[in-house]
Every structure is written in C-alpha cells, then in structure tokens.
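**Q** Below is the structure I would like to discuss, written out as structure tokens.
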Amino acid sequence: MTELPARAVDLCLAVASGEADPAQVLRSQRQRAAVLDAAFHCVARWHDADGTPPAGPLAGLGLAHKDVFATGDGAMCAGRPQPLDRPQAPSPALQRLRAAGGVNLAALVMAELGCGATGDNPWAPRPVNPCDARAVVGGSSSGSAVAVASSLAYASLGTDTAGSIRIPAATCGLVGLKPTYGAITREGLQALAPSLDTVGVLARCAADAALVLANAADVPGRAGLPAQDAASLLAALSAPRRWHVRHHFPVPVMQGPCGPALAALLDADLYSDCEAVPLPDFAEWTRLARVMLHVEATDTHMALLRQAPDSIGPAARAVLLPGLGVPAIWYREAVAARPAMLAGFLSQALGDADLLLLPAMALGVPDWEAVTPGISRFDRAALDSLHAWMPYANYLGLPAVVFPVGRDAAGRPLCAQAVARPGGEATLLAFVHHWEHLHGVPPFSLPTPSLA
C-alpha cells in the first residue's frame, strides 16, 4: 500500500487482507496528523504511541476524540485551560475501540464545557474549517469535525447534547451520527446535561460511522449493525432496498440556499414512497429541550459558577446562566412531557416510514464573522440557523444523522438530516450509504498524502 485510503473501512480491509501493515500505516497517520494540526488547530493534547498496535477489526486505524472523555491520565479538560478536578475511570467506549484495534491519536479541541454552536473558545486557537478557512466550524465537537475533515483522523467520538455532533458535521461536510440516547455509554464522560448528552460519531462516510459505532456501542449488535468488521458492515449497508420516507422541508427552507440540493435528495432514485408531513410540535420539542439543557447544565457546573464565574467564557455563560432563572416547574413539566411527545412523533411524524428527512442548516454554512457576537458583521439569524434544527432529537432521545447532499456556490457543504425510531441507527446509516453510492463518497474529504 503506497497511499492511505480515504475511508476507514478500506484501510481496515487492507490490513485484514495483509495488504497493509498496521504499524506502518499508524506511523504514517501520526506523521500526517502532526503536519495537519499545524494548519487546522484541532488537537488539544497528543497521546503517545504505546507499543505494538493491537489486533482486531480496527487494527491500524487512527482515531482521535473530543477532549470530554476520561482516558485515565487525569488530563481531560473539556475545553477549559486546565484539567477538570473530577477524576474518572477511563471511558469504556474508548476502551472498546482500543480493544478492537483502534488507536487514539489525540484529544481534540472543543467549545468550552461543550457549550456553544461554534468552535470559538477563549482558551484555544480557533479551529480552521478544511472546506473553507472563512467558514465557521460548528460546535461543540469542533475539533472532532476538523480532525476528520482534514484527514488527521479517520473518525472521532464526540458528544451531542443539542446538536454538538451534527452542527460541526454539517459545517465540515461530514456524516455526523447522534445515536439513540444511551447506545454508547456515557461513563467516563464529562457531563453537560445528562438527560440529553449522547455519545456519537463523526466520520467521512456512512460506512466509517457504522464501523466505529459497531465497535463502540455498549452491546454488540444493539445499534442494529450485524457485525464489527468492515466487510460485514459494508455488505449489510449495501443490501438493496427501496426506502419509504417522510420529509419536512418548509417552504422558506426550500427557497433558500439549500433548496436545490434538498430537492435533488427528494428526487433521488431511492424511494418506494416519499411524502411530506407537518411537524406542529417541532417548536415545542425545541423549547422543552432548551429548558432541560439550561437547567441540567447549570446544575452540572454549579460549583464552577459559584467559585470562578469570571473564568467562564461568553458562550458557556450563555448556556449555564439561564438555568439559574428557569422555574423548577418548567423543568418538571419538560421531563414529564417526554414520553407523550415521543409517542406523538412516532405515530404522527414517522408513522410507518423508515425515516424522516429534515433540514440541517437552512441557511447553509456562514462565515465566522457572521456568527461571532460583538463584531460589525454579526448576524443573529446566521448563528441561530446553526442549531435551530438540532435539539429536538436530544429531547426525544432519537437517533439522527447529518450528511452532505451538495455544495453551495462557494463550495461549502450543504447537508440534510434524517431521524429514525429508537434503535434505528443501522437504518439511518444504510440510507446515507445508498445516497452516497448514487453521488460518490466521501464528497468533502481532502486528498490523502502518499505514505513516506
């Protein structure tokens, strides 16, 4: 093998067949990663090489993860300038990936404490979007998206509390999977809002996301994926089928910059049935999600708010402080309403369809300047558009995936979102894999350098 393949599944197939040596490809990935981080600013902390690469379905695969997972070294910072004084046992999800042969190259930068729709963090250099340096990088799993889109790592675990995987995936043209709540354990994770926090995957294509999910999930097969090796997963994702989908793309969205790409998605030769549905409760799902987010985030970080409030950056304050004023009855009502809201979604919005298609970012990917408060080009609508279509899935506990469907005139990614019933990760990833097969994958990854 003279060149690292773009997809993780292809690298794993090459290692399994003996075409590639795992030690050699890992050395090449480490060398490449150091060069790329100098340009894209996504690494918070490097992990040292630790001997012979492990065997398994991920052998030879270089991964890197959001700096919100405990690794046992006490160095996890969660976007703060110093390690959090909260010792935790190593994340079982990271340990499972390691046992499967994946190597953790680095901890990745993130929005402070997981708060914020962009990757701006007062304690770290601003990450650079590999698709366009002027374009914002979404948050809070900003470093994860940049690492994967730049080819620094093949995939990354991040966390999604109100869109923190799906937002950066959309800004960087990746597949961003928020699984069903609890599909990947939250043990060893620095919490933000525990009732909403979900561990998920950022990858360059659906098959890579499936490979990482299958090996990180609490129970093998729980996510509906039949095996943990690349060959079996590719076969399962590629099985022929016609899709019964519903979609909700309001007229203003279809008239905006994403409209033509979304229309092409709906017109694709994939469907047995494709019908529009209203979502009359969408605004209420979003409101209730935000109530829970603010209250739980405030409770999680109350000690920091009391002891060092001036040390908290503006984006984190905007999430933590409102929880101090939310009436307790609002929170109790939000929790109590969840089962009925989920049942309503399943019966009315999803029905007997395989999945529901939704917007990801209705206005496309904005410039950094448009979403940075306090400067002349700041546009509140642009900032709000980053997260407007995201919190509903966390409130309902549903699996959701963001995936690229086209490019705008400037070459920035345009993305859609799909959501399925609980446990429907395999359905979502198979759908995206079929879409990719029609249009080529991975559409936004950068050329990979030859091995030295």
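Identifiers in the structure tokens: chain A, B, ... in order shown; residue index from 1 per chain; ligand index from 1 in order shown.
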Which residues come within 10 Å of Ala55 of chain A, counting only C-alpha atoms, excluding same-chain residues fewer than 5 positions away, as a PDB file with N, CA and C atoms, in the first residue's frame?

**A**
```pdb
ATOM      1  N   VAL A  15      -5.729  -3.935   5.875  1.00  0.00           N
ATOM      2  CA  VAL A  15      -4.985  -4.552   6.972  1.00  0.00           C
ATOM      3  C   VAL A  15      -5.425  -6.009   7.150  1.00  0.00           C
ATOM      4  N   ALA A  16      -6.736  -6.251   7.099  1.00  0.00           N
ATOM      5  CA  ALA A  16      -7.247  -7.612   7.294  1.00  0.00           C
ATOM      6  C   ALA A  16      -6.752  -8.572   6.219  1.00  0.00           C
ATOM      7  N   PRO A  22      -0.283  -2.780   9.928  1.00  0.00           N
ATOM      8  CA  PRO A  22      -0.873  -1.804  10.848  1.00  0.00           C
ATOM      9  C   PRO A  22       0.144  -0.867  11.481  1.00  0.00           C
ATOM     10  N   GLY A  60      -4.814  -0.839  12.918  1.00  0.00           N
ATOM     11  CA  GLY A  60      -4.184   0.123  12.022  1.00  0.00           C
ATOM     12  C   GLY A  60      -4.939   1.423  11.879  1.00  0.00           C
ATOM     13  N   ARG A  98     -10.250   0.701  21.552  1.00  0.00           N
ATOM     14  CA  ARG A  98      -8.869   0.241  21.674  1.00  0.00           C
ATOM     15  C   ARG A  98      -8.796  -1.280  21.598  1.00  0.00           C
ATOM     16  N   ALA A  99      -9.698  -1.961  22.284  1.00  0.00           N
ATOM     17  CA  ALA A  99      -9.701  -3.420  22.255  1.00  0.00           C
ATOM     18  C   ALA A  99      -9.976  -3.953  20.854  1.00  0.00           C
ATOM     19  N   ALA A 100     -10.676  -3.174  20.039  1.00  0.00           N
ATOM     20  CA  ALA A 100     -10.958  -3.581  18.664  1.00  0.00           C
ATOM     21  C   ALA A 100      -9.813  -3.252  17.714  1.00  0.00           C
ATOM     22  N   GLY A 101      -8.759  -2.599  18.226  1.00  0.00           N
ATOM     23  CA  GLY A 101      -7.593  -2.302  17.404  1.00  0.00           C
ATOM     24  C   GLY A 101      -7.417  -0.849  17.042  1.00  0.00           C
ATOM     25  N   GLY A 102      -8.407   0.008  17.338  1.00  0.00           N
ATOM     26  CA  GLY A 102      -8.276   1.428  17.018  1.00  0.00           C
ATOM     27  C   GLY A 102      -7.338   2.123  17.978  1.00  0.00           C
TER      28      GLY A 102
END
```

**Q** Apply DSSP to the structure's backbone, then extract all residues of segment 146-358 of chain A labelled helix (DSSP H, G or I) and return them as a ChimeraX atom specification.

**A** /A:146-149,166-172,206-216,230-238,251-254,259-266,282-300,302-307,309-311,314-325,328-350

**Q** If you measure from atom CA of Ala38 of chain A to atom CA of Ser144 of chain A, what distance in Å do you get, rounded to one decimal?

**A**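 Interatomic distance, atom CA of Ala38 of chain A to atom CA of Ser144 of chain A: 15.3 Å.
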
**Q** Taking 4 positions as the minimum chain separation for residues in the same chain, which residues sit within 12 Å of Ser142 of chain A when counting only C-alpha atoms? Answer as number ranges by chain.

**A** A: 40-44, 65-67, 78-79, 107-112, 114-121, 124-130, 136-138, 146-149, 156-160, 163-172, 174, 176, 202

**Q** Just the number, please: distance in Å from atom CA of Ala283 of chain A to atom CA of Asp354 of chain A, one decimal.

**A**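 Those two atoms sit 23.0 Å apart.
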
**Q** Quick one: distance from atom CA of Val335 of chain A to atom CA of Pro309 of chain A in Å, one decimal?

**A**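 These two atoms are separated by 27.9 Å.
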
**Q** Please return as a PDB file with N, CA and C atoms, in the first residue's frame: the residues of segment 32-91 of chain A that backbone DSSP assigns to strand (DSSP E or B).

**A**
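Generated output (result-v1.pdb):
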```
ATOM      1  N   VAL A  43      -6.074  19.870  17.678  1.00  0.00           N
ATOM      2  CA  VAL A  43      -5.601  18.954  18.724  1.00  0.00           C
ATOM      3  C   VAL A  43      -5.400  19.710  20.031  1.00  0.00           C
ATOM      4  N   ALA A  44      -5.990  19.190  21.090  1.00  0.00           N
ATOM      5  CA  ALA A  44      -5.766  19.731  22.426  1.00  0.00           C
ATOM      6  C   ALA A  44      -4.577  19.065  23.107  1.00  0.00           C
ATOM      7  N   ARG A  45      -4.375  17.776  22.829  1.00  0.00           N
ATOM      8  CA  ARG A  45      -3.345  17.012  23.520  1.00  0.00           C
ATOM      9  C   ARG A  45      -3.073  15.743  22.736  1.00  0.00           C
ATOM     10  N   TRP A  46      -1.803  15.441  22.495  1.00  0.00           N
ATOM     11  CA  TRP A  46      -1.436  14.219  21.782  1.00  0.00           C
ATOM     12  C   TRP A  46      -1.322  13.064  22.757  1.00  0.00           C
ATOM     13  N   GLY A  62      -6.272   4.983  12.906  1.00  0.00           N
ATOM     14  CA  GLY A  62      -6.007   6.115  13.772  1.00  0.00           C
ATOM     15  C   GLY A  62      -7.273   6.927  14.006  1.00  0.00           C
ATOM     16  N   LEU A  63      -7.654   7.047  15.267  1.00  0.00           N
ATOM     17  CA  LEU A  63      -8.820   7.812  15.675  1.00  0.00           C
ATOM     18  C   LEU A  63      -8.369   8.958  16.573  1.00  0.00           C
ATOM     19  N   ALA A  64      -9.240   9.904  16.819  1.00  0.00           N
ATOM     20  CA  ALA A  64      -8.989  10.970  17.784  1.00  0.00           C
ATOM     21  C   ALA A  64     -10.352  11.429  18.283  1.00  0.00           C
ATOM     22  N   HIS A  65     -10.416  11.848  19.548  1.00  0.00           N
ATOM     23  CA  HIS A  65     -11.721  12.053  20.163  1.00  0.00           C
ATOM     24  C   HIS A  65     -11.799  13.383  20.907  1.00  0.00           C
ATOM     25  N   LYS A  66     -12.995  13.879  21.013  1.00  0.00           N
ATOM     26  CA  LYS A  66     -13.290  15.106  21.746  1.00  0.00           C
ATOM     27  C   LYS A  66     -12.709  15.032  23.156  1.00  0.00           C
ATOM     28  N   PHE A  69     -13.715  12.953  27.124  1.00  0.00           N
ATOM     29  CA  PHE A  69     -13.679  11.564  27.567  1.00  0.00           C
ATOM     30  C   PHE A  69     -12.474  11.348  28.478  1.00  0.00           C
TER      31      PHE A  69
END
```

**Q** Just want the 7 Å neighbourhood of segment 208-213 of chain A, counted on only C-alpha atoms, with same-chain residues fewer than 6 positions away dropped. Output as a short mmCIF file (atom, residue, chain, number, x, y, z; two decimals) with N, CA, C and O atoms, in the first residue's frame.

**A**
```cif
data_model
loop_
_atom_site.label_atom_id
_atom_site.label_comp_id
_atom_site.auth_asym_id
_atom_site.auth_seq_id
_atom_site.Cartn_x
_atom_site.Cartn_y
_atom_site.Cartn_z
N ARG A 7 -11.20 6.20 3.13
CA ARG A 7 -12.20 5.64 4.04
C ARG A 7 -11.56 4.69 5.05
O ARG A 7 -10.66 3.91 4.72
N ALA A 8 -12.06 4.74 6.27
CA ALA A 8 -11.58 3.82 7.31
C ALA A 8 -11.87 2.37 6.94
O ALA A 8 -11.03 1.49 7.19
N VAL A 9 -13.04 2.12 6.36
CA VAL A 9 -13.37 0.72 6.01
C VAL A 9 -12.37 0.16 5.01
O VAL A 9 -12.01 -1.03 5.10
N VAL A 201 -20.72 9.75 16.67
CA VAL A 201 -19.60 9.55 15.77
C VAL A 201 -19.59 10.60 14.67
O VAL A 201 -20.64 10.93 14.10
N LEU A 202 -18.42 11.12 14.36
CA LEU A 202 -18.18 11.92 13.17
C LEU A 202 -17.25 11.14 12.26
O LEU A 202 -16.21 10.64 12.70
N GLN A 228 -18.89 -6.38 13.53
CA GLN A 228 -17.98 -5.28 13.85
C GLN A 228 -16.85 -5.15 12.83
O GLN A 228 -16.01 -4.27 12.98
N ASP A 229 -16.82 -5.98 11.81
CA ASP A 229 -15.74 -5.89 10.83
C ASP A 229 -16.22 -5.16 9.58
O ASP A 229 -17.42 -5.14 9.26
N ALA A 230 -15.27 -4.57 8.85
CA ALA A 230 -15.60 -3.71 7.72
C ALA A 230 -16.35 -4.45 6.62
O ALA A 230 -17.32 -3.94 6.06
N LEU A 233 -20.02 -5.13 7.58
CA LEU A 233 -20.80 -3.90 7.66
C LEU A 233 -21.09 -3.33 6.28
O LEU A 233 -22.20 -2.87 6.00
N LEU A 429 -27.88 4.82 8.70
CA LEU A 429 -26.58 4.71 8.04
C LEU A 429 -26.72 3.99 6.70
O LEU A 429 -26.01 4.33 5.73
#
```

**Q** What's the 12 Å shell around Ser17 of chain A, counting only C-alpha atoms, without same-chain residues fewer than 4 positions away, as a list of chain:residue names?

**A**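 Selected residues are A:Met1, A:Asp10, A:Leu11, A:Cys12, A:Leu13, A:Asp21, A:Pro22, A:Pro57, A:Ala59, A:Ala230, A:Ala231.
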
**Q** Take the residues that were just selected and, keeping all heavy atoms, output them as a PDB file, in the first residue's frame.

**A**
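See part_31.pdb below for the written result:
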```pdb
ATOM      1  N   MET A   1       0.845  -1.190   0.000  1.00  0.00           N
ATOM      2  CA  MET A   1       0.000   0.000   0.000  1.00  0.00           C
ATOM      3  C   MET A   1       0.880   1.239   0.000  1.00  0.00           C
ATOM      4  O   MET A   1       1.725   1.419   0.883  1.00  0.00           O
ATOM      5  CB  MET A   1      -0.926   0.003   1.221  1.00  0.00           C
ATOM      6  CG  MET A   1      -1.754   1.265   1.367  1.00  0.00           C
ATOM      7  SD  MET A   1      -2.900   1.202   2.767  1.00  0.00           S
ATOM      8  CE  MET A   1      -4.188   0.180   2.078  1.00  0.00           C
ATOM      9  N   ASP A  10     -11.877   0.961   4.086  1.00  0.00           N
ATOM     10  CA  ASP A  10     -10.904   0.471   3.106  1.00  0.00           C
ATOM     11  C   ASP A  10      -9.547   0.204   3.752  1.00  0.00           C
ATOM     12  O   ASP A  10      -8.863  -0.763   3.395  1.00  0.00           O
ATOM     13  CB  ASP A  10     -10.772   1.474   1.962  1.00  0.00           C
ATOM     14  CG  ASP A  10     -12.051   1.596   1.160  1.00  0.00           C
ATOM     15  OD1 ASP A  10     -12.749   0.576   0.994  1.00  0.00           O
ATOM     16  OD2 ASP A  10     -12.371   2.710   0.711  1.00  0.00           O
ATOM     17  N   LEU A  11      -9.150   1.038   4.712  1.00  0.00           N
ATOM     18  CA  LEU A  11      -7.908   0.780   5.430  1.00  0.00           C
ATOM     19  C   LEU A  11      -8.023  -0.519   6.225  1.00  0.00           C
ATOM     20  O   LEU A  11      -7.110  -1.354   6.205  1.00  0.00           O
ATOM     21  CB  LEU A  11      -7.587   1.943   6.364  1.00  0.00           C
ATOM     22  CG  LEU A  11      -6.322   1.761   7.212  1.00  0.00           C
ATOM     23  CD1 LEU A  11      -5.080   1.690   6.326  1.00  0.00           C
ATOM     24  CD2 LEU A  11      -6.182   2.859   8.244  1.00  0.00           C
ATOM     25  N   CYS A  12      -9.141  -0.722   6.893  1.00  0.00           N
ATOM     26  CA  CYS A  12      -9.307  -1.939   7.690  1.00  0.00           C
ATOM     27  C   CYS A  12      -9.351  -3.187   6.815  1.00  0.00           C
ATOM     28  O   CYS A  12      -8.826  -4.241   7.193  1.00  0.00           O
ATOM     29  CB  CYS A  12     -10.575  -1.827   8.538  1.00  0.00           C
ATOM     30  SG  CYS A  12     -10.445  -0.583   9.855  1.00  0.00           S
ATOM     31  N   LEU A  13      -9.965  -3.077   5.640  1.00  0.00           N
ATOM     32  CA  LEU A  13      -9.960  -4.204   4.709  1.00  0.00           C
ATOM     33  C   LEU A  13      -8.547  -4.517   4.244  1.00  0.00           C
ATOM     34  O   LEU A  13      -8.168  -5.689   4.121  1.00  0.00           O
ATOM     35  CB  LEU A  13     -10.855  -3.898   3.507  1.00  0.00           C
ATOM     36  CG  LEU A  13     -12.362  -3.876   3.763  1.00  0.00           C
ATOM     37  CD1 LEU A  13     -13.095  -3.359   2.519  1.00  0.00           C
ATOM     38  CD2 LEU A  13     -12.873  -5.255   4.144  1.00  0.00           C
ATOM     39  N   ASP A  21       0.379  -3.066   6.533  1.00  0.00           N
ATOM     40  CA  ASP A  21       0.915  -3.397   7.844  1.00  0.00           C
ATOM     41  C   ASP A  21       0.406  -2.361   8.850  1.00  0.00           C
ATOM     42  O   ASP A  21       0.596  -1.158   8.652  1.00  0.00           O
ATOM     43  CB  ASP A  21       2.439  -3.377   7.820  1.00  0.00           C
ATOM     44  CG  ASP A  21       3.034  -3.553   9.201  1.00  0.00           C
ATOM     45  OD1 ASP A  21       2.871  -4.638   9.779  1.00  0.00           O
ATOM     46  OD2 ASP A  21       3.623  -2.575   9.716  1.00  0.00           O
ATOM     47  N   PRO A  22      -0.283  -2.780   9.928  1.00  0.00           N
ATOM     48  CA  PRO A  22      -0.873  -1.804  10.848  1.00  0.00           C
ATOM     49  C   PRO A  22       0.144  -0.867  11.481  1.00  0.00           C
ATOM     50  O   PRO A  22      -0.138   0.312  11.693  1.00  0.00           O
ATOM     51  CB  PRO A  22      -1.583  -2.671  11.893  1.00  0.00           C
ATOM     52  CG  PRO A  22      -1.022  -4.032  11.744  1.00  0.00           C
ATOM     53  CD  PRO A  22      -0.609  -4.159  10.319  1.00  0.00           C
ATOM     54  N   PRO A  57     -10.796  -5.744  14.480  1.00  0.00           N
ATOM     55  CA  PRO A  57     -11.405  -5.214  13.249  1.00  0.00           C
ATOM     56  C   PRO A  57     -10.991  -3.792  12.914  1.00  0.00           C
ATOM     57  O   PRO A  57     -11.149  -3.362  11.772  1.00  0.00           O
ATOM     58  CB  PRO A  57     -12.909  -5.311  13.529  1.00  0.00           C
ATOM     59  CG  PRO A  57     -13.028  -5.384  15.017  1.00  0.00           C
ATOM     60  CD  PRO A  57     -11.808  -6.105  15.487  1.00  0.00           C
ATOM     61  N   ALA A  59      -7.768  -2.665  13.492  1.00  0.00           N
ATOM     62  CA  ALA A  59      -6.304  -2.647  13.530  1.00  0.00           C
ATOM     63  C   ALA A  59      -5.746  -1.692  12.483  1.00  0.00           C
ATOM     64  O   ALA A  59      -6.158  -1.706  11.323  1.00  0.00           O
ATOM     65  CB  ALA A  59      -5.759  -4.053  13.293  1.00  0.00           C
ATOM     66  N   ALA A 230     -15.272  -4.572   8.850  1.00  0.00           N
ATOM     67  CA  ALA A 230     -15.605  -3.713   7.723  1.00  0.00           C
ATOM     68  C   ALA A 230     -16.348  -4.454   6.619  1.00  0.00           C
ATOM     69  O   ALA A 230     -17.318  -3.937   6.056  1.00  0.00           O
ATOM     70  CB  ALA A 230     -14.321  -3.078   7.173  1.00  0.00           C
ATOM     71  N   ALA A 231     -15.921  -5.664   6.294  1.00  0.00           N
ATOM     72  CA  ALA A 231     -16.544  -6.388   5.180  1.00  0.00           C
ATOM     73  C   ALA A 231     -18.017  -6.678   5.462  1.00  0.00           C
ATOM     74  O   ALA A 231     -18.888  -6.476   4.605  1.00  0.00           O
ATOM     75  CB  ALA A 231     -15.781  -7.687   4.912  1.00  0.00           C
TER      76      ALA A 231
END
```

**Q** Which residue, A:Ala236, A:Gly182, A:Pro366, A:Ala303, has the smallest gap to Phe378 of chain A when you use only C-alpha atoms?

**A** A:Pro366

**Q** List as a list in words the protein and nucleic acid residues near His437 of chain A, meaning an atom at most 12 Å away when only C-alpha atoms are counted, but skip any in the same chain fewer than 4 places from it.

**A** Cys205, Ala206, Ala207, Leu234, Leu237, Ser238, Ala239, Pro240, Ala268, Asp269, Leu270, Val405, Ala430, Phe431, Val432, His433, Val441, Pro442 and Pro443 of chain A

**Q** Can you pull out the residues contacting segment 326-331 of chain A? Cut-off 10 Å, using only C-alpha atoms, and skip same-chain residues under 5 positions away; I want them as a PyMOL selection string.

**A** chain A and resi 288-296+321+336-337
